[in-house]
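> Attaching a single structure in structure tokens format; questions to follow.
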There are 4 protein chains.
Amino acid sequence: MIELAANRYGKAAIRLVRVARGPDGDQLRDLTVAIALEGDFAAAHTDGDNSLVIATDTMKNTAYAFAKTQLDGPLEDYGRALAEHFLEAPQVDVATVNIKGHHWRPIDVSGTPAPDAFVRGGEGTRVATITATRAATTVEAGVEDLVVMKTTRSAFSGFPRDEYTTLSETDDRLMATKLTAIWRYGSPGLDYDRVFDGVRTTLLESFADHDSPSVQTSIWIMARAILESHDEVEEVRMVLPNLHHWLVDLRPFGLENDREIYTPTTEPHGLIEATVRRGDG
Amino acid sequence: MIELAANRYGKAAIRLVRVARGPDGDQLRDLTVAIALEGDFAAAHTDGDNSLVIATDTMKNTAYAFAKTQLDGPLEDYGRALAEHFLEAPQVDVATVNIKGHHWRPIDVSGTPAPDAFVRGGEGTRVATITATRAATTVEAGVEDLVVMKTTRSAFSGFPRDEYTTLSETDDRLMATKLTAIWRYGSPGLDYDRVFDGVRTTLLESFADHDSPSVQTSIWIMARAILESHDEVEEVRMVLPNLHHWLVDLRPFGLENDREIYTPTTEPHGLIEATVRRGDG
Amino acid sequence: MIELAANRYGKAAIRLVRVARGPDGDQLRDLTVAIALEGDFAAAHTDGDNSLVIATDTMKNTAYAFAKTQLDGPLEDYGRALAEHFLEAPQVDVATVNIKGHHWRPIDVSGTPAPDAFVRGGEGTRVATITATRAATTVEAGVEDLVVMKTTRSAFSGFPRDEYTTLSETDDRLMATKLTAIWRYGSPGLDYDRVFDGVRTTLLESFADHDSPSVQTSIWIMARAILESHDEVEEVRMVLPNLHHWLVDLRPFGLENDREIYTPTTEPHGLIEATVRRGDG
Amino acid sequence: MIELAANRYGKAAIRLVRVARGPDGDQLRDLTVAIALEGDFAAAHTDGDNSLVIATDTMKNTAYAFAKTQLDGPLEDYGRALAEHFLEAPQVDVATVNIKGHHWRPIDVSGTPAPDAFVRGGEGTRVATITATRAATTVEAGVEDLVVMKTTRSAFSGFPRDEYTTLSETDDRLMATKLTAIWRYGSPGLDYDRVFDGVRTTLLESFADHDSPSVQTSIWIMARAILESHDEVEEVRMVLPNLHHWLVDLRPFGLENDREIYTPTTEPHGLIEATVRRGDG
């Protein structure tokens with residue numbers, strides 16, 4: 001007896017750019033959208049019956065059409081409109097829309113922002129995930145690939161030593177990470193752009209502002225700062241690779257290296273994940 | 001009231017090569033290992049107390065040491081030895097080891113395999129994930145990034161049409177995917193290399209051998225074939241991007257294009273996921 | 001008769017971070033360095049004679065040591081010190097040092113730059129290439145991966161039409177590119193950081209400020225602007241992929257798309273390269 | 001006086017798949033094509049005059065159309081047809097076509113190759129570059145990203161030691177590289193598939209079969225073997241990163257590591273390049 005268990009399907013990597021043209025210059029939005037559906041799709045698997053299978057090409061078209069009609073505001077509202085649209089199909093139980101927003105800013109020309117020329121850049125990527133069911137719609141926001149470094153005030157000591165331990169304790173290491181932070185909002189209808197900016201600022205400021213005894217504690221401190229400063233946020237999930245920077249031994253060259261020259265590495269790296277949330281008290 | 005919820009940490013991207021030297025030539029193993037632990041790590045987050053935090057550097061060292069002592073057999077046995085080692089620490093509740101095995105074969109020299117020279121290649125990457133708790137150890141195996149194509153016998157029709165649907169029905173499209181298939185074994189102590197080869201063969205043969213009305217049905221057919229042919233497997237999880245290949249319109253150039261010239265694309269792509277398992281009957 | 005022709009060797013992807021610690025906060029430099037040597041290395045190839053082969057590991061060590069002693073100023077000066085160091089070995093005829101400078105800025109905390117916490121970002125990567133021979137040292141600087149877009153004032157028309165031409169003429173397309181611009185300085189000993197900032201500003205401003213009839217003309221206009229504004233620059237080499245953004249056809253959905261919703265693509269892309277220089281006049 | 005110097009333009013990353021359907025099964029070709037033109041394009045730069053600018057979109061269309069009509073044989077012949085087509089335009093002086101051929105093989109089903117199902121894989125990528133001028137057409141072929149390793153018979157000693165040298169001499173290291181080899185044919189009209197297979201075999205066999213005192217010598221030995229065995233080849237250009245594999249120190253764990261456990265690295269890496277050719281004797 002063989003059976004179908006969890007399944008979902010959708011369209012990923014839908015790329016779109018929207019230029020809103022106005023008298024004071026163009027507004028530029030650059031998104032990568034992924035849509036996934038769960039629901040009554042067993043017959044599509046076991047019987048080759050596509051009568052309930054909304055084509056992923058249709059999802060793509062819908063993302064483009066809604067970019068025209070539903071993208072005046074924050075990307076969370078666009079994602080919500082998309083998710084709730086797909087939930088109108090009775091066979092759909094869960095519609096999930098994930099959006100990455102790529103950052104562009106107007107180019108400065110002699111101190112004035114150009115109305116029609118932009119440069120891509122930014123620090124990390126803004127993301128939003130909207131999950132809609134008939135019972136509720138969940139909105140998560142966050143940043144991915146935000147690369148940050150503390151050049152001091154980071155330690156790691158007091159850890160257990162066994163026969164495979166060679167790492168020295170340190171009270172002053174360099175801490176670097178490519179941070180992902182995703183937070184879940186407790187209620188709908190927020191001013192998502194404003195809240196996003198606020199949470200991101202808290203994230204960066206709390207990263208800069210604390211003494212770190214470990215990446216684990218840093219996650220706790222940053223997530224707690226977000227929850228304490230932003231009532232809209234119910235939960236914060238963080239993933240921090242520990243991108244090791246090793247002090248180079250310059251003694252063979254007659255040079256001292258007092259926390260000055262490091263070699264950054266990516267393989268291997270630590271990987272620390274935790275979720276912090278409001279509890280029942 | 002703010003509280004720590006799910007958390008885990010470990011070392012990722014541990015790269016190692018093992019050369020087992022013998023009279024008939026060298027055996028080469030090339031692995032990327034990731035280790036993650038869950039357990040009593042709350043104090044590390046909330047109190048900056050590292051006394052229970054096994055350093056990720058120690059994990060790396062252990063992976064290297066066990067590569068010397070525990071890697072004569074399949075990578076599942078190496079992963080199990082590592083996972084169970086970390087479970088010996090009382091603060092650890094779950095130890096997960098993920099291993100990717102990169103494929104090398106001896107270079108042929110005039111029809112004879114070289115004893116000491118190898119070329120990397122292969123089709124997809126072998127993976128294994130071992131999850132150990134005090135109650136049980138779970139072994140999953142699989143392949144990632146296995147790129148396959150059906151040049152005919154793939155259709156997609158009968159799907160619903162709404163105001164955003166423009167896709168034509170087709171009874172003969174090209175289907176291409178970069179397949180991930182992960183299967184869970186029901187019992188420990190298997191001849192993992194032999195079973196892996198068998199499952200992989202079933203996967204490829206069933207991909208080649210069926211008429212596909214949709215990617216969903218293809219997943220079902222391949223997963224069911226694995227479960228029917230391999231009693232050791234309890235469950236198969238598959239992720240298939242649908243890497244669209246569009247027929248090029250050659251009519252402007254006075255040429256017919258009867259399913260001959262396609263342009264492959266990666267953005268956007270369909271993304272179809274399902275788990276198929278033995279049920280209770 | 002088989003002979004050795006052009007050859008060179010070196011060390012690439014040398015990663016290093018330098019933290020200059022001061023009372024007002026840390027200065028952070030993050031570089032990727034590549035060193036290549038040409039010269040009397042024939043015996044290393046044809047005779048297996050390494051007596052003149054400066055080990056690439058030695059090059060790496062030298063890059064680290066010079067990061068301690070020679071990196072107070074612009075990366076061009078550091079690169080020059082390295083290149084001229086290797087040229088001291090009599091077997092070396094040409095020493096080339098390529099440096100990429102990765103951008104970090106101090107994190108703002110309540111309006112004040114943190115002294116010891118940084119975020120990586122920026123728009124494009126600064127590069128410098130120093131080529132030293134006994135006759136001369138050449139300094140090139142530039143930017144790579146600078147992603148820019150013009151949302152209007154870009155056209156492409158008047159091109160020839162043959163039997164394979166289907167592209168429509170357009171007087172208003174979106175132009176996007178990931179720009180590489182490398183410029184050669186005419187004399188040594190410049191204030192490289194200041195000049196770099198000036199050239200980069202000219203590049204961005206001239207990109208924003210012109211009407212483009214083609215990518216070719218855009219290159220000419222930007223390169224000429226650099227040469228006209230910066231006497232220090234002798235030559236500008238530019239490589240611009242044309243990252244096409246296609247207007248989405250929204251008519252099937254009853255929507256107009258007046259230069260508003262585009263789908264960005266990367267495959268295929270145009271690729272336009274040109275060098276512009278001061279002539280003999 | 002500012003002037004245009006070297007310039008060229010074209011279309012890159014043209015992706016195409018060709019399925020030749022026959023009674024005994026399908027033949028699958030998967031190519032990435034890049035086309036570049038040089039010639040009388042000054043006015044396009046300096047005057048915004050596109051009257052001679054063959055649109056890169058037209059190049060793409062031509063690549064697709066010729067895939068229908070000119071791709072029965074080796075990719076070198078397809079590339080040549082394309083290059084010579086573009087040279088028919090009087091404003092074109094040089095047409096360069098670069099082709100990468102991605103490897104697929106039929107899936108085995110119970111020992112028989114499937115007629116219509118394929119798996120992508122292979123070892124390295126086959127490439128061809130055809131450069132056509134009115135004077136001559138040059139055909140280069142080669143392989144890229146061919147990852148190979150020697151587990152013994154590789155040494156590096158006798159190199160000079162200066163104040164920055166710390167590397168130990170070794171008579172038995174592991175040598176790994178991701179090899180690029182490009183060879184130029186002396187005459188046109190070859191059986192390119194057969195010659196390619198022969199040169200590639202010589203390359204791999206000579207890699208496997210020699211004792212290496214350095215990467216430089218390995219390049220010489222492999223390139224010379226190709227020139228000695230294949231009269232069709234005039235010149236071989238090789239680029240070999242030296243992907244270092246460092247012996248792990250297992251002594252802290254009470255274990256010996258006699259050339260058994262290595263950690264592979266990619267940053268930094270050596271980078272060795274040389275061209276070997278037939279000389280005038």
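If you're wondering about the labels, chains in the structure tokens are A, B, ... by order shown, residues count from 1 in each chain, ligands from 1 in order shown.
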Sorted by chain and rising residue number, which residues of chain B lie within 8 Å of chain D, and what are their closest atom pairs and distances in Å to one decimal, counting only C-alpha atoms, as a Markdown table?

```
| residue | atom | partner | partner_atom | distance |
| --- | --- | --- | --- | --- |
| B:Arg15 | CA | D:Thr263 | CA | 5.8 |
| B:Leu16 | CA | D:Thr263 | CA | 4.6 |
| B:Val17 | CA | D:Tyr262 | CA | 5.0 |
| B:Arg18 | CA | D:Ile261 | CA | 4.7 |
| B:Val19 | CA | D:Glu260 | CA | 4.8 |
| B:Ala20 | CA | D:Glu260 | CA | 6.3 |
| B:Arg21 | CA | D:Glu260 | CA | 7.7 |
| B:Asp26 | CA | D:Thr151 | CA | 7.4 |
| B:Tyr64 | CA | D:Ile261 | CA | 7.1 |
| B:Ala65 | CA | D:Leu250 | CA | 6.6 |
| B:Ala67 | CA | D:Ile261 | CA | 7.1 |
| B:Lys68 | CA | D:Ile261 | CA | 6.6 |
| B:Ile107 | CA | D:Ala208 | CA | 6.8 |
| B:Asp108 | CA | D:Glu205 | CA | 6.9 |
| B:Val109 | CA | D:Glu205 | CA | 5.2 |
| B:Ser110 | CA | D:Glu205 | CA | 7.8 |
| B:Ala114 | CA | D:Ala208 | CA | 6.6 |
| B:Asp116 | CA | D:Thr151 | CA | 5.1 |
| B:Ala117 | CA | D:Lys150 | CA | 4.4 |
| B:Phe118 | CA | D:Met149 | CA | 5.2 |
| B:Val119 | CA | D:Val148 | CA | 4.3 |
| B:Arg120 | CA | D:Val147 | CA | 5.3 |
| B:Gly121 | CA | D:Glu123 | CA | 4.7 |
| B:Gly122 | CA | D:Gly121 | CA | 5.7 |
| B:Glu123 | CA | D:Gly121 | CA | 4.7 |
| B:Gly124 | CA | D:Gly121 | CA | 7.6 |
| B:Leu146 | CA | D:Val119 | CA | 7.5 |
| B:Val147 | CA | D:Arg120 | CA | 5.3 |
| B:Val148 | CA | D:Val119 | CA | 4.3 |
| B:Met149 | CA | D:Phe118 | CA | 5.2 |
| B:Lys150 | CA | D:Ala117 | CA | 4.4 |
| B:Thr151 | CA | D:Asp116 | CA | 5.1 |
| B:Thr152 | CA | D:Asp116 | CA | 6.1 |
| B:Leu204 | CA | D:Ile107 | CA | 6.8 |
| B:Glu205 | CA | D:Val109 | CA | 5.2 |
| B:Phe207 | CA | D:Ala117 | CA | 7.7 |
| B:Ala208 | CA | D:Ala117 | CA | 5.0 |
| B:Asp209 | CA | D:Val109 | CA | 7.7 |
| B:Val248 | CA | D:Tyr64 | CA | 7.5 |
| B:Leu250 | CA | D:Ala65 | CA | 6.5 |
| B:Phe253 | CA | D:Ala65 | CA | 7.1 |
| B:Leu255 | CA | D:Ala65 | CA | 7.5 |
| B:Asn257 | CA | D:Lys68 | CA | 7.9 |
| B:Arg259 | CA | D:Val19 | CA | 7.3 |
| B:Glu260 | CA | D:Val19 | CA | 4.8 |
| B:Ile261 | CA | D:Arg18 | CA | 4.7 |
| B:Tyr262 | CA | D:Val17 | CA | 5.0 |
| B:Thr263 | CA | D:Leu16 | CA | 4.6 |
| B:Pro264 | CA | D:Arg15 | CA | 6.2 |
| B:Thr265 | CA | D:Arg15 | CA | 8.0 |
```
> Report the residues of region 25-224 of chain A whose backbone DSSP state falls under helix (DSSP H, G or I), written as a PyMOL selection string.
chain A and resi 42-46+56-69+75-87+192-209+215-224
> Selected residues, C-alpha atoms, written as a compact mmCIF listing (two decimals), in the first residue's frame, please.

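Listed below is the output, out_23.txt:
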```txt
# COMPACT_ATOMS: atom_id res chain seq x y z
CA ALA A 42 -3.80 13.93 -5.21
CA ALA A 43 -5.49 13.04 -8.50
CA ALA A 44 -2.83 14.98 -10.39
CA HIS A 45 -0.24 12.65 -8.93
CA THR A 46 -1.95 9.30 -8.85
CA THR A 56 2.34 27.29 -13.06
CA ASP A 57 2.37 29.37 -16.24
CA THR A 58 -0.94 30.84 -15.10
CA MET A 59 0.69 31.68 -11.76
CA LYS A 60 3.42 33.55 -13.60
CA ASN A 61 0.88 35.47 -15.65
CA THR A 62 -1.05 36.35 -12.51
CA ALA A 63 2.11 37.64 -10.85
CA TYR A 64 2.71 39.91 -13.85
CA ALA A 65 -0.89 41.13 -14.01
CA PHE A 66 -1.00 41.85 -10.29
CA ALA A 67 2.30 43.71 -10.61
CA LYS A 68 0.34 46.13 -12.76
CA THR A 69 -2.70 46.38 -10.50
CA LEU A 75 5.47 44.04 -1.38
CA GLU A 76 3.66 42.36 1.51
CA ASP A 77 0.36 43.75 0.19
CA TYR A 78 1.14 42.54 -3.32
CA GLY A 79 2.00 39.11 -1.97
CA ARG A 80 -1.17 39.00 0.07
CA ALA A 81 -3.31 39.89 -2.94
CA LEU A 82 -1.65 37.09 -4.90
CA ALA A 83 -2.00 34.52 -2.12
CA GLU A 84 -5.64 35.32 -1.51
CA HIS A 85 -6.36 35.21 -5.24
CA PHE A 86 -5.11 31.65 -5.50
CA LEU A 87 -7.06 30.67 -2.41
CA TYR A 192 4.89 47.26 6.19
CA ASP A 193 7.54 49.54 4.72
CA ARG A 194 7.80 51.60 7.86
CA VAL A 195 7.89 48.59 10.17
CA PHE A 196 10.45 46.86 7.98
CA ASP A 197 12.76 49.86 8.15
CA GLY A 198 12.38 49.97 11.90
CA VAL A 199 13.11 46.31 12.47
CA ARG A 200 16.08 46.37 10.13
CA THR A 201 17.50 49.36 11.99
CA THR A 202 17.07 47.60 15.32
CA LEU A 203 18.75 44.52 13.89
CA LEU A 204 21.80 46.45 12.72
CA GLU A 205 22.05 48.65 15.78
CA SER A 206 21.77 45.74 18.20
CA PHE A 207 24.39 43.85 16.18
CA ALA A 208 26.74 46.81 16.48
CA ASP A 209 25.96 47.59 20.05
CA VAL A 215 26.97 33.70 18.05
CA GLN A 216 24.16 32.05 19.99
CA THR A 217 24.02 34.92 22.44
CA SER A 218 24.22 37.46 19.63
CA ILE A 219 21.15 35.93 18.03
CA TRP A 220 19.30 36.09 21.34
CA ILE A 221 20.29 39.71 21.92
CA MET A 222 19.31 40.85 18.42
CA ALA A 223 16.04 38.93 18.33
CA ARG A 224 15.09 40.15 21.80
```
> Excluding Ala155 (chain A) and its own-chain neighbours fewer than 3 positions away, which residues fall within 8 Å of it when counting only C-alpha atoms? Please give them as an MDAnalysis selection string.
chainID A and resid 170:173 212:214
> Please produce a file of the residues just selected, as a compact mmCIF listing (two decimals), in the first residue's frame, where the atoms kept are all heavy atoms.

```txt
# COMPACT_ATOMS: atom_id res chain seq x y z
N THR A 170 39.21 32.53 23.20
CA THR A 170 39.58 33.88 22.80
C THR A 170 38.62 34.88 23.42
O THR A 170 37.42 34.63 23.52
CB THR A 170 39.57 34.05 21.27
OG1 THR A 170 39.84 35.43 20.97
CG2 THR A 170 38.21 33.71 20.67
N ASP A 171 39.16 36.00 23.86
CA ASP A 171 38.28 37.06 24.35
C ASP A 171 38.19 38.21 23.35
O ASP A 171 37.59 39.24 23.64
CB ASP A 171 38.73 37.57 25.73
CG ASP A 171 40.12 38.17 25.67
OD1 ASP A 171 40.76 38.13 24.60
OD2 ASP A 171 40.59 38.67 26.71
N ASP A 172 38.78 38.04 22.17
CA ASP A 172 38.68 39.10 21.17
C ASP A 172 38.90 38.53 19.78
O ASP A 172 40.02 38.54 19.26
CB ASP A 172 39.70 40.21 21.45
CG ASP A 172 39.37 41.48 20.65
OD1 ASP A 172 38.39 41.47 19.89
OD2 ASP A 172 40.10 42.47 20.81
N ARG A 173 37.83 38.07 19.19
CA ARG A 173 37.92 37.57 17.83
C ARG A 173 37.12 38.49 16.92
O ARG A 173 36.35 39.34 17.37
CB ARG A 173 37.37 36.14 17.75
CG ARG A 173 35.89 36.03 18.08
CD ARG A 173 35.35 34.61 17.85
NE ARG A 173 33.93 34.53 18.17
CZ ARG A 173 33.18 33.45 18.02
NH1 ARG A 173 33.72 32.32 17.60
NH2 ARG A 173 31.89 33.46 18.32
N SER A 212 29.61 40.26 22.46
CA SER A 212 29.15 38.92 22.11
C SER A 212 30.02 37.84 22.73
O SER A 212 31.20 37.71 22.38
CB SER A 212 29.16 38.74 20.59
OG SER A 212 28.91 37.39 20.28
N PRO A 213 29.47 37.01 23.60
CA PRO A 213 30.22 35.86 24.10
C PRO A 213 30.09 34.64 23.19
O PRO A 213 30.81 33.65 23.38
CB PRO A 213 29.56 35.58 25.45
CG PRO A 213 28.16 36.09 25.31
CD PRO A 213 28.19 37.21 24.30
N SER A 214 29.19 34.69 22.21
CA SER A 214 29.00 33.59 21.26
C SER A 214 28.01 34.05 20.21
O SER A 214 27.26 35.01 20.43
CB SER A 214 28.44 32.33 21.94
OG SER A 214 27.08 32.53 22.31
```
> Contacts of Pro268 (chain A) at 6 Å or less, counting only C-alpha atoms, minus same-chain residues fewer than 2 places along, as a ChimeraX atom specification?
/A:266 /B:12-14
> Those same residues, written as a short mmCIF file (atom, residue, chain, number, x, y, z; two decimals), in the first residue's frame with N, CA, C and O atoms?

```
data_model
loop_
_atom_site.label_atom_id
_atom_site.label_comp_id
_atom_site.auth_asym_id
_atom_site.auth_seq_id
_atom_site.Cartn_x
_atom_site.Cartn_y
_atom_site.Cartn_z
N THR A 266 35.34 30.62 4.01
CA THR A 266 33.92 30.25 3.92
C THR A 266 33.73 28.76 4.14
O THR A 266 32.61 28.33 4.42
N ALA B 12 29.17 23.52 9.02
CA ALA B 12 28.78 23.16 7.65
C ALA B 12 29.98 23.32 6.72
O ALA B 12 30.97 23.96 7.06
N ALA B 13 29.87 22.70 5.56
CA ALA B 13 30.88 22.83 4.51
C ALA B 13 32.25 22.35 4.96
O ALA B 13 33.28 22.93 4.61
N ILE B 14 32.26 21.27 5.74
CA ILE B 14 33.54 20.63 6.09
C ILE B 14 33.96 19.80 4.88
O ILE B 14 33.31 18.83 4.53
#
```
> Give me the residues near Asp231 (chain A) as a PDB file with N, CA and C atoms, in the first residue's frame, where near means some atom within 10 Å (using only C-alpha atoms) and where sequence neighbours in that chain fewer than 2 positions away do not count.

```pdb
ATOM      1  N   TYR A 185       4.747  38.812  11.662  1.00  0.00           N
ATOM      2  CA  TYR A 185       3.907  39.872  12.213  1.00  0.00           C
ATOM      3  C   TYR A 185       2.687  39.259  12.887  1.00  0.00           C
ATOM      4  N   GLY A 186       2.244  39.894  13.956  1.00  0.00           N
ATOM      5  CA  GLY A 186       1.120  39.354  14.711  1.00  0.00           C
ATOM      6  C   GLY A 186      -0.234  39.743  14.163  1.00  0.00           C
ATOM      7  N   SER A 187      -0.282  40.853  13.452  1.00  0.00           N
ATOM      8  CA  SER A 187      -1.586  41.277  12.956  1.00  0.00           C
ATOM      9  C   SER A 187      -1.426  41.796  11.539  1.00  0.00           C
ATOM     10  N   VAL A 195       7.487  49.581   9.162  1.00  0.00           N
ATOM     11  CA  VAL A 195       7.886  48.591  10.174  1.00  0.00           C
ATOM     12  C   VAL A 195       9.166  47.879   9.744  1.00  0.00           C
ATOM     13  N   ILE A 226      14.596  43.172  18.823  1.00  0.00           N
ATOM     14  CA  ILE A 226      13.509  43.370  17.847  1.00  0.00           C
ATOM     15  C   ILE A 226      12.154  43.205  18.525  1.00  0.00           C
ATOM     16  N   LEU A 227      12.015  42.154  19.299  1.00  0.00           N
ATOM     17  CA  LEU A 227      10.717  41.902  19.950  1.00  0.00           C
ATOM     18  C   LEU A 227      10.394  42.991  20.969  1.00  0.00           C
ATOM     19  N   GLU A 228      11.406  43.497  21.663  1.00  0.00           N
ATOM     20  CA  GLU A 228      11.156  44.539  22.658  1.00  0.00           C
ATOM     21  C   GLU A 228      10.803  45.889  22.016  1.00  0.00           C
ATOM     22  N   SER A 229      11.360  46.148  20.856  1.00  0.00           N
ATOM     23  CA  SER A 229      11.142  47.457  20.231  1.00  0.00           C
ATOM     24  C   SER A 229       9.970  47.483  19.260  1.00  0.00           C
ATOM     25  N   VAL A 233       5.852  42.529  15.948  1.00  0.00           N
ATOM     26  CA  VAL A 233       6.561  41.286  15.659  1.00  0.00           C
ATOM     27  C   VAL A 233       6.275  40.267  16.758  1.00  0.00           C
ATOM     28  N   GLU A 234       5.889  39.046  16.326  1.00  0.00           N
ATOM     29  CA  GLU A 234       5.586  37.972  17.278  1.00  0.00           C
ATOM     30  C   GLU A 234       6.752  37.019  17.474  1.00  0.00           C
ATOM     31  N   ARG A 278       7.564  35.708  21.476  1.00  0.00           N
ATOM     32  CA  ARG A 278       6.820  36.080  22.667  1.00  0.00           C
ATOM     33  C   ARG A 278       6.232  34.818  23.287  1.00  0.00           C
TER      34      ARG A 278
END
```
